[in-house]
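Pasting work.pdb here (PDB, C-alpha atoms, pLDDT in the B column):
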ATOM      1  CA  MET K   1      20.940  99.553 -70.424  1.00 87.00           C
ATOM      2  CA  GLN K   2      23.609  97.157 -71.694  1.00 89.00           C
ATOM      3  CA  VAL K   3      25.775  95.349 -69.148  1.00 91.00           C
ATOM      4  CA  ALA K   4      28.338  92.683 -70.074  1.00 87.00           C
ATOM      5  CA  GLY K   5      26.795  92.559 -73.546  1.00 84.00           C
ATOM      6  CA  VAL K   6      23.303  91.873 -72.190  1.00 84.00           C
ATOM      7  CA  ARG K   7      20.376  94.314 -72.265  1.00 86.00           C
ATOM      8  CA  ARG K   8      18.866  94.602 -68.793  1.00 89.00           C
ATOM      9  CA  GLN K   9      16.181  96.771 -67.246  1.00 88.00           C
ATOM     10  CA  VAL K  10      17.360  99.469 -64.836  1.00 92.00           C
ATOM     11  CA  LYS K  11      14.903 101.613 -62.887  1.00 90.00           C
ATOM     12  CA  LEU K  12      15.222 105.121 -61.475  1.00 88.00           C
ATOM     13  CA  ASP K  13      14.024 105.457 -57.880  1.00 86.00           C
ATOM     14  CA  SER K  14      14.095 108.995 -56.489  1.00 81.00           C
ATOM     15  CA  GLY K  15      12.799 107.602 -53.190  1.00 82.00           C
ATOM     16  CA  ALA K  16      15.775 105.268 -52.661  1.00 86.00           C
ATOM     17  CA  ARG K  17      18.692 106.739 -50.744  1.00 90.00           C
ATOM     18  CA  PHE K  18      21.205 104.275 -52.194  1.00 93.00           C
ATOM     19  CA  THR K  19      21.521 102.373 -55.470  1.00 94.00           C
ATOM     20  CA  VAL K  20      20.605  98.711 -54.955  1.00 94.00           C
ATOM     21  CA  ALA K  21      20.573  95.570 -57.096  1.00 94.00           C
ATOM     22  CA  GLY K  22      19.345  92.012 -56.748  1.00 93.00           C
ATOM     23  CA  THR K  23      21.578  88.964 -56.486  1.00 94.00           C
ATOM     24  CA  ASP K  24      21.064  88.041 -60.166  1.00 94.00           C
ATOM     25  CA  TRP K  25      23.135  91.112 -61.039  1.00 95.00           C
ATOM     26  CA  MET K  26      26.279  89.840 -59.289  1.00 95.00           C
ATOM     27  CA  GLN K  27      27.330  87.905 -62.418  1.00 94.00           C
ATOM     28  CA  TYR K  28      27.488  91.145 -64.429  1.00 94.00           C
ATOM     29  CA  GLY K  29      29.800  93.123 -62.134  1.00 94.00           C
ATOM     30  CA  ASP K  30      32.785  92.979 -59.803  1.00 95.00           C
ATOM     31  CA  ARG K  31      32.814  93.098 -56.025  1.00 96.00           C
ATOM     32  CA  VAL K  32      34.282  96.244 -54.479  1.00 95.00           C
ATOM     33  CA  GLU K  33      36.390  95.804 -51.350  1.00 93.00           C
ATOM     34  CA  LYS K  34      34.627  98.458 -49.302  1.00 91.00           C
ATOM     35  CA  ALA K  35      32.036  98.543 -46.570  1.00 92.00           C
ATOM     36  CA  ALA K  36      28.435  98.948 -47.677  1.00 92.00           C
ATOM     37  CA  PRO K  37      26.849 102.269 -46.614  1.00 91.00           C
ATOM     38  CA  VAL K  38      24.036 100.351 -44.866  1.00 90.00           C
ATOM     39  CA  ASP K  39      23.594  96.859 -43.408  1.00 91.00           C
ATOM     40  CA  TYR K  40      20.034  96.398 -44.664  1.00 85.00           C
ATOM     41  CA  VAL K  41      17.305  98.104 -46.685  1.00 86.00           C
ATOM     42  CA  GLU K  42      13.564  98.175 -46.223  1.00 81.00           C
ATOM     43  CA  GLY K  43      11.634  96.212 -48.808  1.00 72.00           C
ATOM     44  CA  ILE K  44       7.979  96.128 -49.792  1.00 67.00           C
ATOM     45  CA  GLY K  45       5.770  95.625 -46.765  1.00 68.00           C
ATOM     46  CA  GLY K  46       8.421  96.898 -44.367  1.00 72.00           C
ATOM     47  CA  PHE K  47      10.554  93.741 -44.439  1.00 78.00           C
ATOM     48  CA  LEU K  48      14.273  94.297 -43.832  1.00 86.00           C
ATOM     49  CA  LEU K  49      16.584  92.848 -46.493  1.00 87.00           C
ATOM     50  CA  ASP K  50      20.274  92.243 -45.778  1.00 91.00           C
ATOM     51  CA  VAL K  51      22.967  93.933 -47.873  1.00 94.00           C
ATOM     52  CA  VAL K  52      25.647  91.370 -48.789  1.00 92.00           C
ATOM     53  CA  GLY K  53      28.192  93.769 -50.301  1.00 94.00           C
ATOM     54  CA  VAL K  54      28.948  96.404 -52.919  1.00 96.00           C
ATOM     55  CA  TRP K  55      29.394  95.603 -56.630  1.00 96.00           C
ATOM     56  CA  ARG K  56      30.580  97.844 -59.445  1.00 96.00           C
ATOM     57  CA  PHE K  57      28.845  97.647 -62.824  1.00 96.00           C
ATOM     58  CA  GLU K  58      29.884  99.080 -66.173  1.00 96.00           C
ATOM     59  CA  LEU K  59      26.675 100.029 -67.932  1.00 95.00           C
ATOM     60  CA  GLN K  60      26.243 101.344 -71.448  1.00 93.00           C
ATOM     61  CA  SER K  61      23.420 103.644 -72.489  1.00 91.00           C
ATOM     62  CA  VAL K  62      21.507 103.449 -75.759  1.00 90.00           C
ATOM     63  CA  PHE K  63      23.864 106.181 -77.027  1.00 91.00           C
ATOM     64  CA  GLY K  64      26.928 104.015 -76.333  1.00 89.00           C
ATOM     65  CA  GLU K  65      28.050 106.052 -73.314  1.00 90.00           C
ATOM     66  CA  ALA K  66      29.830 104.182 -70.489  1.00 92.00           C
ATOM     67  CA  ILE K  67      28.288 104.647 -67.033  1.00 94.00           C
ATOM     68  CA  SER K  68      30.074 103.187 -63.987  1.00 95.00           C
ATOM     69  CA  VAL K  69      27.740 102.466 -61.062  1.00 95.00           C
ATOM     70  CA  GLU K  70      28.307 101.015 -57.595  1.00 96.00           C
ATOM     71  CA  ALA K  71      25.315  99.265 -56.061  1.00 96.00           C
ATOM     72  CA  CYS K  72      24.472  97.493 -52.816  1.00 95.00           C
ATOM     73  CA  ILE K  73      23.556  93.858 -53.489  1.00 95.00           C
ATOM     74  CA  VAL K  74      20.412  92.980 -51.546  1.00 94.00           C
ATOM     75  CA  GLN K  75      19.645  89.451 -50.349  1.00 91.00           C
ATOM     76  CA  GLY K  76      16.059  88.465 -51.106  1.00 85.00           C
ATOM     77  CA  CYS K  77      15.913  90.601 -54.237  1.00 86.00           C
ATOM     78  CA  THR K  78      16.776  88.969 -57.564  1.00 88.00           C
ATOM     79  CA  ASP K  79      16.535  90.907 -60.826  1.00 90.00           C
ATOM     80  CA  GLU K  80      15.790  94.481 -59.722  1.00 91.00           C
ATOM     81  CA  PHE K  81      18.284  97.314 -60.222  1.00 94.00           C
ATOM     82  CA  LEU K  82      17.329 100.690 -58.752  1.00 93.00           C
ATOM     83  CA  LEU K  83      19.393 103.827 -59.359  1.00 94.00           C
ATOM     84  CA  GLY K  84      19.000 105.832 -56.171  1.00 92.00           C
ATOM     85  CA  VAL K  85      19.506 109.388 -55.016  1.00 93.00           C
ATOM     86  CA  ASP K  86      23.245 108.760 -54.489  1.00 94.00           C
ATOM     87  CA  PHE K  87      23.678 108.224 -58.250  1.00 94.00           C
ATOM     88  CA  MET K  88      21.938 111.511 -59.004  1.00 93.00           C
ATOM     89  CA  ARG K  89      23.661 113.543 -56.269  1.00 94.00           C
ATOM     90  CA  THR K  90      27.260 112.517 -56.975  1.00 93.00           C
ATOM     91  CA  ARG K  91      26.852 113.447 -60.646  1.00 93.00           C
ATOM     92  CA  GLY K  92      24.782 116.571 -60.168  1.00 94.00           C
ATOM     93  CA  ALA K  93      22.180 114.957 -62.415  1.00 93.00           C
ATOM     94  CA  THR K  94      18.739 116.357 -63.135  1.00 91.00           C
ATOM     95  CA  MET K  95      15.619 114.320 -63.881  1.00 89.00           C
ATOM     96  CA  ASP K  96      13.283 115.895 -66.442  1.00 88.00           C
ATOM     97  CA  PHE K  97       9.853 114.259 -66.452  1.00 83.00           C
ATOM     98  CA  ASP K  98       8.616 116.429 -69.325  1.00 82.00           C
ATOM     99  CA  ILE K  99      10.958 114.699 -71.776  1.00 83.00           C
ATOM    100  CA  SER K 100      11.709 111.564 -69.676  1.00 85.00           C
ATOM    101  CA  GLU K 101      15.467 112.031 -69.440  1.00 89.00           C
ATOM    102  CA  VAL K 102      18.232 112.176 -66.830  1.00 92.00           C
ATOM    103  CA  ARG K 103      21.082 114.504 -67.792  1.00 92.00           C
ATOM    104  CA  TYR K 104      24.459 115.380 -66.304  1.00 94.00           C
ATOM    105  CA  SER K 105      27.879 116.560 -67.468  1.00 92.00           C
ATOM    106  CA  LYS K 106      30.999 114.387 -67.578  1.00 90.00           C
ATOM    107  CA  GLY K 107      34.328 115.652 -68.848  1.00 87.00           C
ATOM    108  CA  GLY K 108      32.676 118.634 -70.488  1.00 87.00           C
ATOM    109  CA  ARG K 109      30.197 116.464 -72.374  1.00 88.00           C
ATOM    110  CA  SER K 110      26.506 115.976 -71.737  1.00 90.00           C
ATOM    111  CA  VAL K 111      25.386 112.482 -70.722  1.00 92.00           C
ATOM    112  CA  VAL K 112      21.749 111.659 -71.494  1.00 91.00           C
ATOM    113  CA  ILE K 113      19.879 108.695 -69.999  1.00 91.00           C
ATOM    114  CA  PRO K 114      16.351 108.362 -71.397  1.00 89.00           C
ATOM    115  CA  PHE K 115      13.821 106.575 -69.210  1.00 88.00           C
ATOM    116  CA  ARG K 116      10.353 105.131 -69.654  1.00 84.00           C
ATOM    117  CA  ALA K 117       7.470 106.912 -67.919  1.00 77.00           C
ATOM    118  CA  TYR K 118       3.855 105.767 -67.629  1.00 72.00           C
ATOM    119  CA  ASP K 119       0.512 107.518 -67.325  1.00 67.00           C
ATOM    120  CA  GLY K 120      -2.146 106.800 -64.698  1.00 59.00           C
ATOM    121  CA  VAL K 121      -3.435 103.682 -66.455  1.00 60.00           C
ATOM    122  CA  GLY K 122      -0.051 102.092 -67.078  1.00 56.00           C
ATOM    123  CA  ARG K 123       0.450 103.165 -70.680  1.00 63.00           C
ATOM    124  CA  GLY K 124       3.752 104.569 -71.888  1.00 65.00           C
ATOM    125  CA  ARG K 125       3.902 108.346 -72.086  1.00 73.00           C
ATOM    126  CA  ILE K 126       5.004 110.419 -75.082  1.00 79.00           C
ATOM    127  CA  ALA K 127       8.813 110.663 -75.049  1.00 83.00           C
ATOM    128  CA  VAL K 128      11.606 112.472 -76.861  1.00 89.00           C
ATOM    129  CA  VAL K 129      13.296 110.708 -79.791  1.00 94.00           C
ATOM    130  CA  ARG K 130      17.005 111.343 -80.431  1.00 94.00           C
ATOM    131  CA  MET K 131      19.631 110.124 -82.875  1.00 95.00           C
ATOM    132  CA  ALA K 132      21.146 106.910 -81.534  1.00 93.00           C
ATOM    133  CA  ARG K 133      24.518 107.561 -83.186  1.00 92.00           C
ATOM    134  CA  ARG K 134      26.180 109.970 -85.592  1.00 93.00           C
ATOM    135  CA  THR K 135      25.072 109.260 -89.139  1.00 94.00           C
ATOM    136  CA  GLN K 136      26.291 110.478 -92.516  1.00 94.00           C
ATOM    137  CA  LEU K 137      23.614 110.966 -95.185  1.00 94.00           C
ATOM    138  CA  GLY K 138      24.610 110.884 -98.828  1.00 93.00           C
ATOM    139  CA  LYS K 139      23.485 113.691-101.105  1.00 92.00           C
ATOM    140  CA  CYS K 140      19.977 113.365-102.563  1.00 92.00           C
ATOM    141  CA  THR K 141      19.332 110.031-100.813  1.00 93.00           C
ATOM    142  CA  VAL K 142      16.743 108.349 -98.612  1.00 94.00           C
ATOM    143  CA  THR K 143      18.490 106.645 -95.682  1.00 94.00           C
ATOM    144  CA  PRO K 144      17.029 104.638 -92.769  1.00 94.00           C
ATOM    145  CA  ILE K 145      18.443 106.177 -89.593  1.00 95.00           C
ATOM    146  CA  GLU K 146      18.619 104.623 -86.142  1.00 96.00           C
ATOM    147  CA  VAL K 147      16.865 106.571 -83.378  1.00 96.00           C
ATOM    148  CA  ALA K 148      16.840 105.975 -79.620  1.00 94.00           C
ATOM    149  CA  VAL K 149      13.406 105.165 -78.171  1.00 91.00           C
ATOM    150  CA  THR K 150      12.570 104.360 -74.546  1.00 86.00           C
ATOM    151  CA  ALA K 151      10.148 101.519 -75.195  1.00 84.00           C
ATOM    152  CA  LYS K 152       9.898  97.773 -74.777  1.00 84.00           C
ATOM    153  CA  ASP K 153      11.125  95.421 -77.477  1.00 87.00           C
ATOM    154  CA  GLY K 154       8.426  94.862 -80.066  1.00 90.00           C
ATOM    155  CA  GLU K 155       6.443  97.960 -79.125  1.00 89.00           C
ATOM    156  CA  ARG K 156       4.838  99.714 -82.078  1.00 91.00           C
ATOM    157  CA  GLY K 157       4.657 103.476 -82.050  1.00 92.00           C
ATOM    158  CA  LEU K 158       4.392 106.622 -84.124  1.00 93.00           C
ATOM    159  CA  PHE K 159       7.456 108.801 -84.616  1.00 95.00           C
ATOM    160  CA  ILE K 160       6.469 112.454 -85.115  1.00 95.00           C
ATOM    161  CA  PRO K 161       9.247 114.840 -86.229  1.00 95.00           C
ATOM    162  CA  THR K 162       9.190 118.164 -84.378  1.00 94.00           C
ATOM    163  CA  GLN K 163      12.561 119.749 -85.175  1.00 93.00           C
ATOM    164  CA  HIS K 164      13.665 121.714 -88.236  1.00 89.00           C
ATOM    165  CA  MET K 165      16.468 119.758 -89.913  1.00 89.00           C
ATOM    166  CA  GLY K 166      17.341 122.043 -92.812  1.00 88.00           C
ATOM    167  CA  ALA K 167      17.703 120.032 -96.022  1.00 91.00           C
ATOM    168  CA  VAL K 168      17.078 116.759 -94.151  1.00 94.00           C
ATOM    169  CA  MET K 169      13.391 115.857 -94.119  1.00 94.00           C
ATOM    170  CA  LEU K 170      11.682 113.410 -91.766  1.00 94.00           C
ATOM    171  CA  ALA K 171       8.099 112.166 -91.964  1.00 91.00           C
ATOM    172  CA  PRO K 172       5.681 110.716 -89.383  1.00 93.00           C
ATOM    173  CA  THR K 173       6.495 107.011 -89.330  1.00 94.00           C
ATOM    174  CA  VAL K 174       4.950 103.947 -87.695  1.00 93.00           C
ATOM    175  CA  THR K 175       7.816 101.714 -86.605  1.00 93.00           C
ATOM    176  CA  ILE K 176       8.777  98.989 -84.118  1.00 93.00           C
ATOM    177  CA  VAL K 177      11.372  99.169 -81.341  1.00 93.00           C
ATOM    178  CA  ARG K 178      14.236  96.667 -81.105  1.00 91.00           C
ATOM    179  CA  ASN K 179      16.836  96.922 -78.324  1.00 88.00           C
ATOM    180  CA  GLY K 180      15.826 100.478 -77.481  1.00 89.00           C
ATOM    181  CA  LYS K 181      16.138 101.660 -81.086  1.00 93.00           C
ATOM    182  CA  ALA K 182      13.953 102.069 -84.150  1.00 95.00           C
ATOM    183  CA  LEU K 183      14.450 102.891 -87.828  1.00 95.00           C
ATOM    184  CA  VAL K 184      12.898 105.894 -89.566  1.00 95.00           C
ATOM    185  CA  PRO K 185      13.581 107.190 -93.106  1.00 95.00           C
ATOM    186  CA  ALA K 186      15.519 110.433 -93.589  1.00 95.00           C
ATOM    187  CA  ILE K 187      15.522 112.294 -96.907  1.00 94.00           C
ATOM    188  CA  ASN K 188      18.577 114.402 -97.666  1.00 94.00           C
ATOM    189  CA  ALA K 189      17.454 116.899-100.316  1.00 91.00           C
ATOM    190  CA  ASN K 190      20.825 118.634-100.251  1.00 88.00           C
ATOM    191  CA  GLY K 191      23.265 118.392-103.141  1.00 88.00           C
ATOM    192  CA  GLU K 192      25.961 117.615-100.561  1.00 91.00           C
ATOM    193  CA  ASP K 193      26.372 115.055 -97.791  1.00 93.00           C
ATOM    194  CA  SER K 194      24.681 115.888 -94.479  1.00 92.00           C
ATOM    195  CA  ARG K 195      25.558 114.732 -90.983  1.00 92.00           C
ATOM    196  CA  LEU K 196      23.209 114.101 -88.075  1.00 93.00           C
ATOM    197  CA  PRO K 197      25.037 114.103 -84.706  1.00 93.00           C
ATOM    198  CA  ALA K 198      24.386 111.578 -81.939  1.00 92.00           C
ATOM    199  CA  LYS K 199      21.760 112.540 -79.331  1.00 92.00           C
ATOM    200  CA  LYS K 200      20.267 115.232 -81.562  1.00 92.00           C
ATOM    201  CA  GLU K 201      16.584 115.674 -80.752  1.00 93.00           C
ATOM    202  CA  LEU K 202      14.406 114.733 -83.718  1.00 95.00           C
ATOM    203  CA  GLY K 203      10.843 114.463 -82.479  1.00 94.00           C
ATOM    204  CA  LYS K 204       8.408 112.567 -80.266  1.00 92.00           C
ATOM    205  CA  TRP K 205       7.443 108.933 -79.794  1.00 91.00           C
ATOM    206  CA  VAL K 206       3.737 108.130 -79.359  1.00 89.00           C
ATOM    207  CA  PRO K 207       3.023 104.530 -78.244  1.00 88.00           C
ATOM    208  CA  LEU K 208       0.243 102.810 -80.201  1.00 86.00           C
ATOM    209  CA  ASP K 209      -1.975 100.403 -78.294  1.00 71.00           C
ATOM    210  CA  GLY K 210      -4.950  98.239 -79.164  1.00 60.00           C
ATOM    211  CA  ASP K 211      -7.280 101.235 -79.115  1.00 58.00           C
ATOM    212  CA  VAL K 212      -5.570 102.706 -82.191  1.00 58.00           C
ATOM    213  CA  THR K 213      -6.405 101.293 -85.620  1.00 59.00           C
ATOM    214  CA  LEU K 214      -4.032 101.999 -88.498  1.00 57.00           C
ATOM    215  CA  LEU K 215      -5.606 102.207 -91.925  1.00 58.00           C
ATOM    216  CA  GLN K 216      -3.647 100.642 -94.754  1.00 64.00           C
ATOM    217  CA  MET K 217      -3.419 102.078 -98.250  1.00 60.00           C
ATOM    218  CA  SER K 218      -5.861 100.389-100.638  1.00 64.00           C
ATOM    219  CA  GLY K 219      -3.800 101.091-103.737  1.00 64.00           C
ATOM    220  CA  GLU K 220      -6.464 103.299-105.317  1.00 64.00           C
ATOM    221  CA  LEU K 221      -4.097 106.276-105.343  1.00 61.00           C
ATOM    222  CA  ARG K 222      -1.306 104.600-107.290  1.00 67.00           C
ATOM    223  CA  ARG K 223       0.210 106.878-109.896  1.00 68.00           C
ATOM    224  CA  ASP K 224      -1.028 104.738-112.775  1.00 71.00           C
ATOM    225  CA  ARG K 225      -4.601 104.987-111.443  1.00 66.00           C
ATOM    226  CA  VAL K 226      -4.689 108.741-110.953  1.00 60.00           C
ATOM    227  CA  SER K 227      -5.292 110.889-114.025  1.00 59.00           C
ATOM    228  CA  ALA K 228      -3.908 114.408-114.286  1.00 53.00           C
TER
END
Output the structure of this file as structure tokens.
Amino acid sequence: MQVAGVRRQVKLDSGARFTVAGTDWMQYGDRVEKAAPVDYVEGIGGFLLDVVGVWRFELQSVFGEAISVEACIVQGCTDEFLLGVDFMRTRGATMDFDISEVRYSKGGRSVVIPFRAYDGVGRGRIAVVRMARRTQLGKCTVTPIEVAVTAKDGERGLFIPTQHMGAVMLAPTVTIVRNGKALVPAINANGEDSRLPAKKELGKWVPLDGDVTLLQMSGELRRDRVSA
């Protein structure tokens, strides 16, 4: 999530009744003149942590959508931000673990918040890849397009297209994530311009770890070395 022009990590906690944030987050929001719903919250180990007030934050998703959130600031917690059940309930949001997304409707439009999920050994799970923003593709061109990926900065992964795109062709691509986005090539074989809308599902993201070795092309199959 982006807040005040800074990319910060926000976690989803379906076990937390209220949305809470650490004191480091106070600089990114504004205090709300209202009573906090609770005086304290229970931390790790059963310790009680005081709530010092309620702050409002204007977050921005990887798709550029504005999300206004009120959170209880917790003394003794610094950089954590946990979206609780209250965030989900007030918006009628659903959490889909199959595709690692939270979705709800706002003003007749669908809001999508992708999240990072992990398997039993702490590795990132396969996730859905969507268009980060609306993009116009020129006729008969190859264009790098920006896709939204729920992965850490610098993570290398394999994009696998799974959706039929008509005249627009995508290929499996090894790429690197920067600020929640990655670049993949799109080929528009149409004789006219094509448009890819924001949030359109394109395929899957498969994280690559140290156990996966990528083989590089040796150059033996260059056109000038292959006879008809």
Selection near Ala21 of chain K, 8 Å with all atoms listed in the file, sequence-local residues under 5 positions removed, as a PyMOL selection string:
chain K and resi 71-74+77-82
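Applied to the shown file, the PyMOL selection byres ((chain K and resi 65) around 12) selects the residues K:Met1, K:Gln2, K:Val3, K:Glu58, K:Leu59, K:Gln60, K:Ser61, K:Val62, K:Phe63, K:Gly64, K:Ala66, K:Ile67, K:Ser68, K:Lys106, K:Arg109, K:Ser110, K:Val111, K:Val112, K:Ile113, K:Ala132, K:Arg133, K:Ala198, K:Lys199.
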Figure out the distance between atom CA of Leu83 of chain K and atom CA of Ser14 of chain K, please, to one decimal in Å.
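The value is 7.9 Å.
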Between atom CA of Ala148 of chain K and atom CA of Asn190 of chain K, what distance in Å does the model show, to one decimal?
24.5 Å
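Nearest to Val69 of chain K of all the residues K:Arg103, K:Arg134, K:Arg17, K:Arg56 is K:Arg56, based on all atoms listed in the file.
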Which protein, DNA or RNA residues have an atom at most 7 Å from (22.6, 116.7, -92.1), counting all atoms listed in the file? List them as an NGL selection string.
:K and (137 or 168 or 194-196)
Tell me, in Å to one decimal, how far atom CA of Gly203 of chain K is from atom CA of Met169 of chain K.
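About the pair atom CA of Gly203 of chain K and atom CA of Met169 of chain K: they are 12.0 Å apart.
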Minimum-distance residue to Pro172 of chain K, chosen among K:Val102, K:Ala189, K:Val206, K:Ile145 (using only C-alpha atoms)
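Comparing K:Val102, K:Ala189, K:Val206, K:Ile145 against Pro172 of chain K, the winner is K:Val206.
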Between K:Ile187, K:Leu202, K:Ile160, K:Ala117, which has the minimum distance to Thr175 of chain K (counting only C-alpha atoms)?
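Of the candidates, the smallest distance to Thr175 of chain K is held by K:Ile160.
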Just the residues within 10 Å of Val52 of chain K, please, counting only C-alpha atoms, with nothing from its chain fewer than 4 positions along; format it as a list in words.
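Using only C-alpha atoms, the neighbours found are Thr23, Ala35, Ala36, Val38, Asp39, Tyr40, Cys72, Ile73, Val74 and Gln75 of chain K.
Residue selection for this entry, given the PyMOL selection byres ((chain K and resi 138) around 9), comprises Gln136, Leu137, Lys139, Cys140, Thr141, Val142, Thr143, Asn188, Asn190, Gly191, Glu192, Asp193, Ser194 and Arg195 of chain K.
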Excluding segment 151-157 of chain K and any residue of its chain fewer than 6 positions from it, enumerate the residues within 6 Å of it, using only C-alpha atoms, and give them as a tab-separated table (two decimals) with C-alpha atoms, in the coordinates of the input.
chain	number	residue	atom	x	y	z
K	174	VAL	CA	4.95	103.95	-87.70
K	175	THR	CA	7.82	101.71	-86.60
K	176	ILE	CA	8.78	98.99	-84.12
K	177	VAL	CA	11.37	99.17	-81.34
K	178	ARG	CA	14.24	96.67	-81.10
K	179	ASN	CA	16.84	96.92	-78.32
K	206	VAL	CA	3.74	108.13	-79.36
K	207	PRO	CA	3.02	104.53	-78.24
K	208	LEU	CA	0.24	102.81	-80.20
Can you tell me, as a PDB file with C-alpha atoms, in the coordinates of the input, which residues sit within 9 Å of (9.7, 104.8, -93.3) in the file's frame, using all atoms listed in the file?
ATOM      1  CA  PRO K 144      17.029 104.638 -92.769  1.00 94.00           C
ATOM      2  CA  LEU K 170      11.682 113.410 -91.766  1.00 94.00           C
ATOM      3  CA  ALA K 171       8.099 112.166 -91.964  1.00 91.00           C
ATOM      4  CA  PRO K 172       5.681 110.716 -89.383  1.00 93.00           C
ATOM      5  CA  THR K 173       6.495 107.011 -89.330  1.00 94.00           C
ATOM      6  CA  VAL K 174       4.950 103.947 -87.695  1.00 93.00           C
ATOM      7  CA  THR K 175       7.816 101.714 -86.605  1.00 93.00           C
ATOM      8  CA  LEU K 183      14.450 102.891 -87.828  1.00 95.00           C
ATOM      9  CA  VAL K 184      12.898 105.894 -89.566  1.00 95.00           C
ATOM     10  CA  PRO K 185      13.581 107.190 -93.106  1.00 95.00           C
ATOM     11  CA  ALA K 186      15.519 110.433 -93.589  1.00 95.00           C
TER      12      ALA K 186
END
Evaluate the PyMOL selection byres ((chain K and resi 28) around 7) on the structure here and hand back the selected residues as a PyMOL selection string.
chain K and resi 3-4+25-27+29+57
Find the residues near Glu33 of chain K: any atom within 9 Å, counting all atoms listed in the file, skip ones fewer than 3 places away on the same chain, and give them as number ranges by chain.
K: 53-55
One residue among K:Lys34, K:Lys200, K:Arg91, K:Arg8 is nearest to Gly107 of chain K when using only C-alpha atoms, and that residue is K:Arg91
Excluding Ile126 of chain K and its own-chain neighbours fewer than 2 positions away, which residues fall within 9 Å of it when counting only C-alpha atoms? Please give them as a PyMOL selection string.
chain K and resi 99-100+117-118+124+128+204-207
Could you complete segment 49-63 of chain K so that it carries N, CA and C atoms, and give it back as a PDB file, keeping the file's coordinate frame?
ATOM      1  N   LEU K  49      15.795  93.724 -45.628  1.00 87.00           N
ATOM      2  CA  LEU K  49      16.584  92.848 -46.493  1.00 87.00           C
ATOM      3  C   LEU K  49      18.062  93.135 -46.285  1.00 87.00           C
ATOM      4  N   ASP K  50      18.844  92.087 -46.054  1.00 91.00           N
ATOM      5  CA  ASP K  50      20.274  92.243 -45.778  1.00 91.00           C
ATOM      6  C   ASP K  50      21.047  92.671 -47.025  1.00 91.00           C
ATOM      7  N   VAL K  51      22.038  93.533 -46.817  1.00 94.00           N
ATOM      8  CA  VAL K  51      22.967  93.933 -47.873  1.00 94.00           C
ATOM      9  C   VAL K  51      24.205  93.051 -47.770  1.00 94.00           C
ATOM     10  N   VAL K  52      24.547  92.333 -48.841  1.00 92.00           N
ATOM     11  CA  VAL K  52      25.647  91.370 -48.789  1.00 92.00           C
ATOM     12  C   VAL K  52      26.973  91.964 -49.259  1.00 92.00           C
ATOM     13  N   GLY K  53      26.949  93.146 -49.845  1.00 94.00           N
ATOM     14  CA  GLY K  53      28.192  93.769 -50.301  1.00 94.00           C
ATOM     15  C   GLY K  53      27.929  94.815 -51.364  1.00 94.00           C
ATOM     16  N   VAL K  54      29.029  95.371 -51.882  1.00 96.00           N
ATOM     17  CA  VAL K  54      28.948  96.404 -52.919  1.00 96.00           C
ATOM     18  C   VAL K  54      29.595  95.874 -54.198  1.00 96.00           C
ATOM     19  N   TRP K  55      28.897  96.021 -55.316  1.00 96.00           N
ATOM     20  CA  TRP K  55      29.394  95.603 -56.630  1.00 96.00           C
ATOM     21  C   TRP K  55      29.478  96.815 -57.558  1.00 96.00           C
ATOM     22  N   ARG K  56      30.465  96.789 -58.440  1.00 96.00           N
ATOM     23  CA  ARG K  56      30.580  97.844 -59.445  1.00 96.00           C
ATOM     24  C   ARG K  56      30.163  97.287 -60.808  1.00 96.00           C
ATOM     25  N   PHE K  57      29.350  98.059 -61.516  1.00 96.00           N
ATOM     26  CA  PHE K  57      28.845  97.647 -62.824  1.00 96.00           C
ATOM     27  C   PHE K  57      29.212  98.689 -63.872  1.00 96.00           C
ATOM     28  N   GLU K  58      29.595  98.205 -65.040  1.00 96.00           N
ATOM     29  CA  GLU K  58      29.884  99.080 -66.173  1.00 96.00           C
ATOM     30  C   GLU K  58      28.710  98.988 -67.142  1.00 96.00           C
ATOM     31  N   LEU K  59      27.864  99.992 -67.095  1.00 95.00           N
ATOM     32  CA  LEU K  59      26.675 100.029 -67.932  1.00 95.00           C
ATOM     33  C   LEU K  59      26.946 100.836 -69.200  1.00 95.00           C
ATOM     34  N   GLN K  60      26.144 100.588 -70.196  1.00 93.00           N
ATOM     35  CA  GLN K  60      26.243 101.344 -71.448  1.00 93.00           C
ATOM     36  C   GLN K  60      24.850 101.790 -71.866  1.00 93.00           C
ATOM     37  N   SER K  61      24.716 103.094 -72.110  1.00 91.00           N
ATOM     38  CA  SER K  61      23.420 103.644 -72.489  1.00 91.00           C
ATOM     39  C   SER K  61      23.113 103.338 -73.945  1.00 91.00           C
ATOM     40  N   VAL K  62      21.909 103.672 -74.373  1.00 90.00           N
ATOM     41  CA  VAL K  62      21.507 103.449 -75.759  1.00 90.00           C
ATOM     42  C   VAL K  62      22.336 104.291 -76.724  1.00 90.00           C
ATOM     43  N   PHE K  63      22.995 105.343 -76.206  1.00 91.00           N
ATOM     44  CA  PHE K  63      23.864 106.181 -77.027  1.00 91.00           C
ATOM     45  C   PHE K  63      25.312 105.703 -77.015  1.00 91.00           C
TER      46      PHE K  63
END
